[in-house]
Structure formats: C-alpha cells, structure tokens
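Notes follow once the structure below has been shown.
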Amino acid sequence: MHAPYATKYQWGYLHEALEVDGAHRTELLFTPAIDQDIHAVFLAQIAASDPQALHVVIQDQAGFHLPTNGPRLPQNLRLLPLPPSSPELNPVERFGGLLKARVTNRLYPTLRRLEDHLFAASREWTQPAKVADLIHHWLRDQVNFGVPV
C-alpha cells in the first residue's frame, strides 16, 4: 500500500482535553504553531468552559506546556504533570490516536481543510457517552496493566 505524500508541508497542532469526571466534555483547539503562549490560551479555554469548577489537567512535560506554578495559569485550573515518557498514563492519548487514524495518509491542500477534517472526525468521539467510554477503558486498562487475566 502506498500513502500519498507531498514534499512541501505546513504544521498544524490539535490541542485536546477530555473531562474525566462530570459531563465528559471535550475541549479542542487547532493552531498552526505551538508554544507556551498558545498553551496558555488552551488552558484559558478549558478554565472558561466552566468558570465555577476547579479543573485539574493531566499533561506530560513537553517544553511548550506551562509549569505547574506558572503565573499565567487560570485561577480555577491546576496542572498534574506526568512522569517523563509515559503517554500510557494520559487518557487523552487514546483519543488522539483515534483521530490520527481518521486523518493520516491523506493530503490536505490547506491547514484549514485538515482542521475541518479533524473536527469532523472528532464529532463521533466528543459525545459524552463516547468520552466516558474512552476514559473508563483507559482506567480499566491502566488498573489491569501487568495483571494476568
């Protein structure tokens, strides 16, 4: 099987967050770049989704993530950093894998077309019941990791 390819490309980044408890909402943001300023915008989006709630965000320690005690963190948001090199501990990784499976090995003439396809592909997985299912499978898999069946 051959996948289409292009020698010229642009980068696009999808920021994803799943609500583990409560309404099982999804927050998504697509950007053409990634750095701490953009990450701060995404965290503000999460915090604004329910201003009365305390949001705890599980994240890896990527260089573009804000530090856990950073002054730009919203007041109603706390960061829970994961150990290095441990994507299996982050429930949003499974969601990202499902989306990638829907959009890879295709050419998109613009970042906007890629963004549109990503958001269309995410609709199935952003329903609260689907998010809950993703989370519960992740928890079950992590609890049972290494336990003989």
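Letters A, B, ... mark the chains of the structure tokens in the order given; residue numbers begin at 1 per chain; ligand numbers begin at 1, in order shown.
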TODO: DSSP on the backbone, then: every residue of chain A marked alpha helix (DSSP H), written as a ChimeraX atom specification.
DONE: /A:36-49,92-103,111-122,128-143
Skip stretch 5-11 of chain A itself and residues of its chain fewer than 3 positions away, then list as a compact mmCIF listing (two decimals) with C-alpha atoms, in the first residue's frame all residues within 10 Å of it, counting only C-alpha atoms.
# COMPACT_ATOMS: atom_id res chain seq x y z
CA HIS A 2 1.27 3.47 -0.88
CA THR A 31 -3.38 26.02 15.90
CA PRO A 32 -0.68 26.47 13.23
CA ALA A 33 2.05 26.70 15.89
CA ILE A 34 2.68 25.56 19.44
CA ASN A 105 -2.17 9.16 4.93
CA ARG A 106 -4.12 11.88 3.14
CA LEU A 107 -3.07 15.15 1.58
CA TYR A 108 -4.76 18.36 2.66
CA PRO A 109 -4.32 21.40 0.41
CA THR A 110 -4.57 23.78 3.39
CA LEU A 111 -4.35 23.66 7.16
Task: Counting only C-alpha atoms, the residue of A:Val20, A:Val103, A:Ala47, A:Leu89 that sits nearest A:Asn76 - done: A:Ala47
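Counting only C-alpha atoms and comparing A:Leu134, A:Leu29, A:Pro71, A:Gly12, the residue that lies closest to A:Pro91 is A:Leu134.
For A:Ser122, the list of residues within 12 Å, based on only C-alpha atoms and with local chain neighbours fewer than 4 positions off taken out, reads Leu14, Glu16, Leu18, Thr26, Glu27, Leu28, Leu29, Phe95, Gly96, Gly97, Leu98, Leu99, Lys100, Ala101, Arg102, Val103, Glu115, Asp116, His117, Leu118, Thr126, Gln127, Lys130 and Val131 of chain A.
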Task: Contact residues around A:Val41 with only C-alpha atoms at 10 Å, ignoring same-chain residues under 3 positions, as a PyMOL selection string - done: chain A and resi 29+36-38+44-47+72-74
Task: Straight-line distance linking atom CA of A:Arg123 with atom CA of A:Leu82, stated in Å to one decimal - done: 27.3 Å
Task: Pick from A:Ala3, A:Gln75, A:Leu43, A:Pro87, whichever lies nearest to A:Gln61 using only C-alpha atoms - done: A:Pro87
Task: Backbone-only DSSP, strand (DSSP E or B) members of stretch 51-141 of chain A, as a ChimeraX atom specification - done: /A:55-59,77-81
Store the residues picked out above in a file with N, CA and C atoms, as a PDB file, in the first residue's frame.
ATOM      1  N   HIS A  55     -10.543  22.878  37.593  1.00  0.00           N
ATOM      2  CA  HIS A  55     -10.104  21.974  36.524  1.00  0.00           C
ATOM      3  C   HIS A  55      -8.701  21.463  36.848  1.00  0.00           C
ATOM      4  N   VAL A  56      -8.528  20.159  36.821  1.00  0.00           N
ATOM      5  CA  VAL A  56      -7.214  19.546  37.010  1.00  0.00           C
ATOM      6  C   VAL A  56      -6.839  18.926  35.669  1.00  0.00           C
ATOM      7  N   VAL A  57      -5.758  19.407  35.090  1.00  0.00           N
ATOM      8  CA  VAL A  57      -5.336  18.972  33.760  1.00  0.00           C
ATOM      9  C   VAL A  57      -4.118  18.065  33.902  1.00  0.00           C
ATOM     10  N   ILE A  58      -4.267  16.844  33.411  1.00  0.00           N
ATOM     11  CA  ILE A  58      -3.158  15.898  33.357  1.00  0.00           C
ATOM     12  C   ILE A  58      -2.387  16.209  32.079  1.00  0.00           C
ATOM     13  N   GLN A  59      -1.083  16.421  32.198  1.00  0.00           N
ATOM     14  CA  GLN A  59      -0.297  16.710  30.999  1.00  0.00           C
ATOM     15  C   GLN A  59       1.110  16.153  31.135  1.00  0.00           C
ATOM     16  N   LEU A  77      -7.636  26.415  37.678  1.00  0.00           N
ATOM     17  CA  LEU A  77      -7.020  25.303  36.956  1.00  0.00           C
ATOM     18  C   LEU A  77      -5.723  24.898  37.645  1.00  0.00           C
ATOM     19  N   ARG A  78      -5.539  23.599  37.804  1.00  0.00           N
ATOM     20  CA  ARG A  78      -4.305  23.034  38.362  1.00  0.00           C
ATOM     21  C   ARG A  78      -3.744  22.042  37.348  1.00  0.00           C
ATOM     22  N   LEU A  79      -2.430  21.941  37.311  1.00  0.00           N
ATOM     23  CA  LEU A  79      -1.764  21.011  36.400  1.00  0.00           C
ATOM     24  C   LEU A  79      -1.215  19.824  37.175  1.00  0.00           C
ATOM     25  N   LEU A  80      -1.399  18.655  36.615  1.00  0.00           N
ATOM     26  CA  LEU A  80      -0.873  17.424  37.187  1.00  0.00           C
ATOM     27  C   LEU A  80       0.102  16.849  36.162  1.00  0.00           C
ATOM     28  N   PRO A  81       1.413  17.062  36.372  1.00  0.00           N
ATOM     29  CA  PRO A  81       2.382  16.574  35.384  1.00  0.00           C
ATOM     30  C   PRO A  81       2.590  15.067  35.485  1.00  0.00           C
TER      31      PRO A  81
END
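Proximity ranking of A:Thr68, A:Pro51, A:His24, A:Asp60 relative to A:Glu88 places A:Asp60 first, based on only C-alpha atoms.
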